[in-house]
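Worksheet: the structure to be examined is printed underneath.
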Protein chains: 2
Amino acid sequence: MNVVVAQSGGPTSVINASLLGVYRQAKAWDAVDTVYGSLNGIEGILNDNLVSLNEALATDETMALLRQTPSAALRSCRHKLPSYEQSPEVYENIRRTLEKHDIGAFFYIGGNDSMDTVHKLSAYFSLVDCPIRVMGVPKTIDNDLMVTDHTPGYGSAAKFVATTMREIIRDCTVYDLNSVTIVEIMGRDTGWLTAAAALPRLNGDTAPHLVYLPEVPFSVDAFVEDIQRIQRYSRTVVVAVSEGVEIDTLGDYQSGKVDNFGHKYLSGIGKCLEDVVRERIGCKVRSIELNLPQRCAAHVSSLTDVEEAEGVGAAAVRAAMQGVTGHMAIIRRVGDTPYRVDFDHIPVSQAANAVKYVPREWINEQGNNVTEEALTYIRPLILGELPVITENGMPKHFTL
Amino acid sequence: MNVVVAQSGGPTSVINASLLGVYRQAKAWDAVDTVYGSLNGIEGILNDNLVSLNEALATDETMALLRQTPSAALRSCRHKLPSYEQSPEVYENIRRTLEKHDIGAFFYIGGNDSMDTVHKLSAYFSLVDCPIRVMGVPKTIDNDLMVTDHTPGYGSAAKFVATTMREIIRDCTVYDLNSVTIVEIMGRDTGWLTAAAALPRLNGDTAPHLVYLPEVPFSVDAFVEDIQRIQRYSRTVVVAVSEGVEIDTLGDYQSGKVDNFGHKYLSGIGKCLEDVVRERIGCKVRSIELNLPQRCAAHVSSLTDVEEAEGVGAAAVRAAMQGVTGHMAIIRRVGDTPYRVDFDHIPVSQAANAVKYVPREWINEQGNNVTEEALTYIRPLILGELPVITENGMPKHFTL
C-alpha cells in the first residue's frame with residue numbers, strides 16, 4: 001500500500017515539519033511502501049501530479065533541511081472541492097487516481113478549506129465503500145481552530161512576533177523624545193498573534209503599552225486618549241495592533257483615510273493609525289507592518305512548534321493506519337507546569353465552521369491589552385530554538 | 001585615569017558589541033580605572049550624566065547579554081556640536097566635565113555626526129593643549145563610509161535581509177499563479193543593503209529576479225518591462241528595491257502616487273511600485289517593507305559582524321592608549337579566501353564628508369541587478385551565527 005500527502009492554504013514556518021511527521025510515521029509502518037507527495041495540494045491528485053518522497057527524503061540531511069524550511073515544499077493551492085451532488089465526476093476522478101497509485105490513505109495538511117476537502121472526500125469514500133482513508137493535519141498561524149489547544153504554525157509566528165517586538169522596543173527607546181511606534185500584526189478575525197506581541201512583558205519590558213485585538217471594538221478617540229495617558233509617564237509608546245481591528249466610525253477621524261485603509265485595505269490599519277497620531281497628537285510616529293515574515297521566518301521557529309507540527313502529522317498517520325477516516329489530528333494540553341501535550345484526533349466536522357476567538361476575559365476591561373492568563377497560555381508554545389543548518393550565512397532550505 | 005564611551009545616531013544590531021569591545025579593551029589596561037558610559041551620546045557629557053560600567057558589566061553574563069542586545073544600551077542622540085568659534089563655552093563645559101571625572105579618553109560610537117563631534121572635540125583639545133584623546137568607532141547599517149572596507153552593523157543587517165528574502169522567496173513560490181512581490185529595503189543614498197537581497201542566489205535561488213539600487217536611475221517603464229520579461233518564464237517575480245531609488249518622471253506614472261510616495265515619502269516606494277504593477281500588469285502583487293528590523297534584528301546577527309564590531313571598539317582604545325587622537329578605527333580586508341581583516345585607524349577627517357557608493361561595475365548594465373563581484377564582497381560579512389541566550393523563548397537583553 002502507498003500513501004499520499006499534500007499541503008494547502010497559506011504557508012507557515014512548520015507546515016513542512018508536519019510533512020516530515022507524516023513521512024516518517026508512514027515509513028515506520030511495514031504496510032506502507034511509497035509515500036507520495038501531491039503537488040499543489042488537491043490539484044496534484046486532480047491532475048495526477050504525484051512525486052515519490054522516498055528518494056527526495058532518503059537521507060537524514062534532507063529530512064533535517066525539510067524540517068527547517070518554511071512554506072510548503074509540495075507547493076500549495078486554494079482549491080475548494082465542489083459538492084458530490086454538483087460534480088460526482090470530480091470525486092470519481094480522485095478515486096481513480098488514488099486507486100491507480102494503490103493509495104490507502106490521503107493526508108491533507110492545511111486550514112479550513114483543506115478540512116472541508118477531508119470531510120467531503122471521506123464522506124464520499126464511505127458512501128461508495130472505498131477503503132481509502134482521509135485525514136486532516138491542521139496548520140495556521142492564526143490559531144483560530146476549535147477543539148485543538150492550539151494549531152501548529154502559531155507558536156513559531158508568535159515567537160517571531162515576540163522576538164521582533166523586543167528588538168523594536170530596544171530600538172525605539174534610545175532617543176530622548178516623545179515617539180509612538182505602531183506595529184501591525186496579522187490576524188483578520190482573531191487576536192491570537194497580536195496577543196503574542198505582549199510576551200516581552202515576561203522578560204521585564206514595560207512595552208508594548210497598548211495591545212488592540214479584533215475581538216473588542218476599536219475606537220479612534222479611545223486610542224488617542226490611551227496614548228496620551230501613557231505619554232504622561234513614558235516618552236516612548238509602543239502599540240501592537242491587529243490588522244483585523246475595525247475602526248468604529250468615520251466620525252472619529254474625518255480625513256477619509258479610515259475609509260481607505262481601515263476598511264478597504266485590511267493591511268493598512270497601522271498606516272492609518274500613524275496618520276491619526278500625527279494629526280491629533282503631533283509627535284514623532286512610525287508604523288511597522290510585520291507582514292509575510294510572520295508566517296515564514298523559520299530561522300526563528302519555536303522548537304516546541306516544530307516538534308508538535310511533526311507530532312500532529314504522525315498522529316494522523318497512526319490513526320489512519322488504525323482505520324480512522326474523516327478525522328483531524330489535534331493537540332491536547334495536559335499540563336502547564338511542566339507544559340505537556342498529547343495528540344489525538346476528532347471528526348473533522350467538529351473543527352470546521354467555527355472560529356476560536358481570544359476569550360474576552362484574557363483581554364483587559366478597557367480592551368487595550370491582554371491579561372497574564374493570555375501570556376501563560378502562549379508562553380510554552382514559543383519555547384525552544386531549532387538549531388538551523390546554514391550555507392553562506394543563510395539558512396539552508398529543502399526544495400524538490 | 002578613567003575613560004568614557006558613548007553611542008550616537010541610528011541603532012544597529014552590533015553597536016553594543018562595539019561598546020563591549022571598548023569596555024573590555026579599556027579594562028585590559030592597568031592605567032584605566034573606571035569605564036564610564038555617557039547617556040544619550042554627547043548629551044550625557046554636556047549634562048554630566050555618566051554611569052560607571054564597571055559594575056554594570058562586572059560579570060561574564062552581563063557582557064554576553066550586552067553583546068547580543070541590539071540598539072544602544074547607553075541610549076542615543078542626534079546632536080551636532082556647534083563650532084568652537086560659535087560656542088566656545090560648550091567646549092569648555094565638555095572639558096570641565098571630563099576633567100572632573102579624570103577622563104583620559106573619549107570613545108564615540110556612531111555615524112557621520114559622531115565623527116564630526118570627534119573631529120571638532122579633538123581639534124579643540126589640541127588647540128588648548130588638553131591631553132584628552134577622542135576616538136571614533138564607526139557604525140552604520142548603510143555601509144557608506146569611506147576608507148573602511150565595510151562598517152560594523154552592515155553585516156548583520158545584510159544577513160537579516162538575505163535570510164528574510166530567502167524565506168519570502170519560499171513563501172511566494174507556493175501558488176500556481178502569476179504574482180509579483182516587491183521588497184523595500186533601507187538605504188536612502190546607497191544600495192549596499194539592497195544588494196544583500198541578492199545573496200540567496202549563492203544558495204541556488206533564482207529570485208530575487210530584479211534588484212534596484214539608488215546608484216542608477218530608475219525608470220517606471222523599464223521596471224514594468226523588466227517584470228513582463230521575467231513573467232515569460234517565471235510565474236513568481238520577486239523584486240528588491242531600495243527605499244532610495246528616485247522615480248524618473250511623473251510622465252511615467254500619472255496617478256499622482258509617484259509624487260506622493262516616490263518623492264515625498266521615502267519609505268513608500270514599495271507601495272508605489274505595487275500600485276504600478278496592479279494598474280499596468282494587473283496580476284497579484286504585494287509589497288513588503290522590511291523596516292526597522294533591518295537595524296535591530298539581533299537574534300539573527302552575523303557573528304563576523306559582532307566580532308568585528310568588538311574589534312573596532314578595541315582598536316580605538318589601543319590607539320588612544322598609544323596617544324592617538326582625532327582618529328576613527330577602521331576595518332581593512334586583507335584576504336578573501338580565506339576572508340581575513342585587520343584593524344587600523346585613520347584621521348577622522350578622511351572618513352567624513354564623502355559617501356561610498358556601490359561601484360557602478362558591481363551593478364549590471366541594465367541597472368536591474370547586482371553582479372557576482374558584489375556578492376563576493378558581501379558574503380563573508382554575513383557568515384556565522386551568534387549563539388543567543390534566551391529567556392521565555394525570547395532573546396535575553398541587557399538594559400542599564
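Convention: chains lettered A, B, ... in C-alpha cells order; per-chain residue numbering from 1; ligands numbered from 1 as shown.
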
Please provide as a ChimeraX atom specification all residues within 6 Å of Gly111 in chain B, with the sequence filter that same-chain residues fewer than 2 positions apart are discarded (counting only C-alpha atoms). /B:113-114,138-139

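With only C-alpha atoms taken into account, chain B has Ser71, Arg75, Ser76, Cys77, Thr163, Glu167, Arg170, Asp171, Val174, Tyr175, Cys296, Ile382, Leu383, Gly384, Gly393 and Met394 of chain B at most 6 Å from chain A.
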
Keeping N, CA, C and O atoms for every residue in the selection just given, could you write it to a file as a PDB file, in the first residue's frame?
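File selection06.pdb, as written:
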```
ATOM      1  N   SER B  71      20.585  47.779  19.355  1.00  0.00           N
ATOM      2  CA  SER B  71      20.359  49.180  19.691  1.00  0.00           C
ATOM      3  C   SER B  71      21.373  49.646  20.738  1.00  0.00           C
ATOM      4  O   SER B  71      22.318  48.926  21.054  1.00  0.00           O
ATOM      5  N   ARG B  75      21.816  54.467  25.251  1.00  0.00           N
ATOM      6  CA  ARG B  75      20.888  55.358  24.557  1.00  0.00           C
ATOM      7  C   ARG B  75      21.630  56.290  23.593  1.00  0.00           C
ATOM      8  O   ARG B  75      22.856  56.313  23.555  1.00  0.00           O
ATOM      9  N   SER B  76      20.868  56.972  22.773  1.00  0.00           N
ATOM     10  CA  SER B  76      21.470  57.676  21.650  1.00  0.00           C
ATOM     11  C   SER B  76      21.039  59.142  21.633  1.00  0.00           C
ATOM     12  O   SER B  76      20.297  59.603  22.494  1.00  0.00           O
ATOM     13  N   CYS B  77      21.535  59.868  20.650  1.00  0.00           N
ATOM     14  CA  CYS B  77      21.097  61.250  20.447  1.00  0.00           C
ATOM     15  C   CYS B  77      21.355  61.603  18.990  1.00  0.00           C
ATOM     16  O   CYS B  77      21.991  60.853  18.269  1.00  0.00           O
ATOM     17  N   THR B 163      18.461  36.534   4.770  1.00  0.00           N
ATOM     18  CA  THR B 163      17.682  35.459   5.389  1.00  0.00           C
ATOM     19  C   THR B 163      16.196  35.659   5.129  1.00  0.00           C
ATOM     20  O   THR B 163      15.472  34.728   4.743  1.00  0.00           O
ATOM     21  N   GLU B 167      13.329  33.462   2.889  1.00  0.00           N
ATOM     22  CA  GLU B 167      12.075  32.977   3.458  1.00  0.00           C
ATOM     23  C   GLU B 167      10.884  33.513   2.659  1.00  0.00           C
ATOM     24  O   GLU B 167       9.909  32.787   2.418  1.00  0.00           O
ATOM     25  N   ARG B 170      10.583  31.485  -0.492  1.00  0.00           N
ATOM     26  CA  ARG B 170       9.889  30.197  -0.244  1.00  0.00           C
ATOM     27  C   ARG B 170       8.380  30.421  -0.176  1.00  0.00           C
ATOM     28  O   ARG B 170       7.592  29.660  -0.725  1.00  0.00           O
ATOM     29  N   ASP B 171       8.001  31.485   0.522  1.00  0.00           N
ATOM     30  CA  ASP B 171       6.583  31.766   0.732  1.00  0.00           C
ATOM     31  C   ASP B 171       5.875  32.119  -0.571  1.00  0.00           C
ATOM     32  O   ASP B 171       4.737  31.718  -0.806  1.00  0.00           O
ATOM     33  N   VAL B 174       4.696  29.230  -3.703  1.00  0.00           N
ATOM     34  CA  VAL B 174       3.884  28.035  -3.469  1.00  0.00           C
ATOM     35  C   VAL B 174       2.645  27.948  -4.354  1.00  0.00           C
ATOM     36  O   VAL B 174       2.114  26.872  -4.572  1.00  0.00           O
ATOM     37  N   TYR B 175       2.187  29.095  -4.842  1.00  0.00           N
ATOM     38  CA  TYR B 175       0.944  29.048  -5.625  1.00  0.00           C
ATOM     39  C   TYR B 175       1.228  29.013  -7.114  1.00  0.00           C
ATOM     40  O   TYR B 175       2.209  29.563  -7.582  1.00  0.00           O
ATOM     41  N   CYS B 296      17.798  46.181  13.808  1.00  0.00           N
ATOM     42  CA  CYS B 296      17.749  45.722  15.206  1.00  0.00           C
ATOM     43  C   CYS B 296      17.460  44.233  15.369  1.00  0.00           C
ATOM     44  O   CYS B 296      17.301  43.769  16.497  1.00  0.00           O
ATOM     45  N   ILE B 382      28.393  38.226   6.298  1.00  0.00           N
ATOM     46  CA  ILE B 382      27.181  37.680   6.947  1.00  0.00           C
ATOM     47  C   ILE B 382      27.439  36.300   7.549  1.00  0.00           C
ATOM     48  O   ILE B 382      26.515  35.667   8.074  1.00  0.00           O
ATOM     49  N   LEU B 383      28.677  35.832   7.507  1.00  0.00           N
ATOM     50  CA  LEU B 383      28.938  34.458   7.950  1.00  0.00           C
ATOM     51  C   LEU B 383      28.939  34.323   9.468  1.00  0.00           C
ATOM     52  O   LEU B 383      29.409  35.194  10.187  1.00  0.00           O
ATOM     53  N   GLY B 384      28.442  33.209   9.930  1.00  0.00           N
ATOM     54  CA  GLY B 384      28.492  32.871  11.355  1.00  0.00           C
ATOM     55  C   GLY B 384      27.257  33.337  12.097  1.00  0.00           C
ATOM     56  O   GLY B 384      26.653  34.360  11.775  1.00  0.00           O
ATOM     57  N   GLY B 393      11.736  31.914  25.768  1.00  0.00           N
ATOM     58  CA  GLY B 393      11.645  31.763  24.322  1.00  0.00           C
ATOM     59  C   GLY B 393      12.024  32.995  23.528  1.00  0.00           C
ATOM     60  O   GLY B 393      11.939  32.994  22.302  1.00  0.00           O
ATOM     61  N   MET B 394      12.450  34.059  24.215  1.00  0.00           N
ATOM     62  CA  MET B 394      12.853  35.296  23.534  1.00  0.00           C
ATOM     63  C   MET B 394      14.295  35.621  23.899  1.00  0.00           C
ATOM     64  O   MET B 394      14.761  35.266  24.983  1.00  0.00           O
TER      65      MET B 394
END
```

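Straight-line separation from CA of Asp48 in chain B to CA of Leu20 in chain B: 21.8 Å.
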
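Distances to Lys27 in chain B were evaluated for B:Tyr124, B:Thr62, B:Val317, B:Val277 using only C-alpha atoms, and the minimum falls at B:Val317.
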
Run DSSP on the backbone of this structure and report the residues of range 232-353 of chain A it assigns to alpha helix (DSSP H), as an MDAnalysis selection string. chainID A and resid 257 269:280 293:296 303:321 348:351

Can I get the selected residues back with C-alpha atoms, as a short mmCIF file (atom, residue, chain, number, x, y, z; two decimals), in the first residue's frame?
```
data_model
loop_
_atom_site.label_atom_id
_atom_site.label_comp_id
_atom_site.auth_asym_id
_atom_site.auth_seq_id
_atom_site.Cartn_x
_atom_site.Cartn_y
_atom_site.Cartn_z
CA LYS A 257 -8.21 57.61 5.35
CA ILE A 269 -4.53 49.90 9.86
CA GLY A 270 -1.00 50.68 11.08
CA LYS A 271 -0.51 53.42 8.50
CA CYS A 272 -3.96 54.75 9.24
CA LEU A 273 -3.28 54.99 12.97
CA GLU A 274 0.11 56.56 12.21
CA ASP A 275 -1.76 59.35 10.44
CA VAL A 276 -4.15 59.67 13.38
CA VAL A 277 -1.26 60.14 15.82
CA ARG A 278 0.50 62.62 13.54
CA GLU A 279 -2.61 64.74 13.13
CA ARG A 280 -4.12 64.52 16.62
CA PRO A 293 7.80 37.09 7.75
CA GLN A 294 5.22 36.31 10.45
CA ARG A 295 4.34 33.14 8.59
CA CYS A 296 7.72 32.23 7.08
CA LEU A 303 11.26 24.16 18.63
CA THR A 304 8.09 23.28 20.55
CA ASP A 305 6.04 24.23 17.49
CA VAL A 306 8.29 22.26 15.12
CA GLU A 307 8.05 19.13 17.27
CA GLU A 308 4.30 19.46 17.67
CA ALA A 309 3.85 20.02 13.93
CA GLU A 310 5.67 16.72 13.39
CA GLY A 311 3.55 15.23 16.15
CA VAL A 312 0.19 16.02 14.56
CA GLY A 313 1.43 14.68 11.23
CA ALA A 314 2.49 11.43 12.88
CA ALA A 315 -0.76 11.21 14.87
CA ALA A 316 -2.81 11.48 11.67
CA VAL A 317 -0.86 8.58 10.15
CA ARG A 318 -1.21 6.39 13.24
CA ALA A 319 -4.96 6.97 13.29
CA ALA A 320 -5.35 6.23 9.57
CA MET A 321 -3.36 3.01 9.92
CA VAL A 348 -13.14 16.92 11.12
CA SER A 349 -16.71 18.25 11.21
CA GLN A 350 -16.19 19.24 14.85
CA ALA A 351 -13.35 21.56 13.95
#
```

Could you please determine the separation between CA of Leu193 in chain A and CA of His150 in chain A in Å, to one decimal place? 11.7 Å

Between B:Pro131, B:Pro88, B:Pro338, B:Gly191, which has the minimum distance to Gly104 in chain B (counting only C-alpha atoms)? B:Pro131

Which one is closest to Val334 in chain B: B:Leu400, B:Val216, B:Asp149, B:Arg201? Count only C-alpha atoms. B:Asp149

Which residues are close to range 225-227 of chain A, i.e. within 12 Å by only C-alpha atoms, leaving aside same-chain residues fewer than 3 positions away? Reply as JSON, numbers by chain. {"A": [178, 179, 180, 181, 182, 208, 209, 210, 211, 212, 218, 219, 220, 221, 222, 230, 231, 232, 233, 234, 235, 236, 237, 238, 239, 273, 274, 276, 277, 280, 281, 282, 283, 285, 366, 367, 368, 369]}

In Å, how far is it from CA of His79 in chain A to CA of Val128 in chain A? 23.1 Å

Can you check which residues of range 159-365 of chain B DSSP gives as strand (DSSP E) on the backbone and send them as a PyMOL selection string? chain B and resi 179-185+210-212+236-242+284-289+327-336+339-347

Test item: residues at most 12 Å from Thr325 in chain A, only C-alpha atoms, excluding those fewer than 2 positions along its chain, as an MDAnalysis selection string: chainID A and resid 104:108 118:126 130:136 316:323 327:329 345:349

With only C-alpha atoms as the counted atoms, please give the residues lying no more than 10 Å from Val35 in chain A, apart from itself and same-chain residues fewer than 3 positions off, as a ChimeraX atom specification. /A:1-5,22-24,26-27,32,38,50-55,57,103,105-106

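Of the listed residues (B:Val147, B:Ala28, B:Leu213, B:Ala17), B:Val147 comes nearest to Ala354 in chain B; the distances count only C-alpha atoms.
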
Fewer than 3 positions away in the same chain doesn't count, so skip those; otherwise give me all residues within 7 Å of Thr148 in chain B, counting only C-alpha atoms, as a compact mmCIF listing (two decimals) with C-alpha atoms, in the first residue's frame.
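As written to disk, selection_39.txt reads:
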```txt
# COMPACT_ATOMS: atom_id res chain seq x y z
CA LEU B 145 31.66 55.26 4.98
CA THR B 151 31.13 49.28 8.61
CA ILE B 330 38.61 51.08 10.53
CA ILE B 331 38.44 47.55 9.15
CA ARG B 332 40.88 46.56 6.43
```
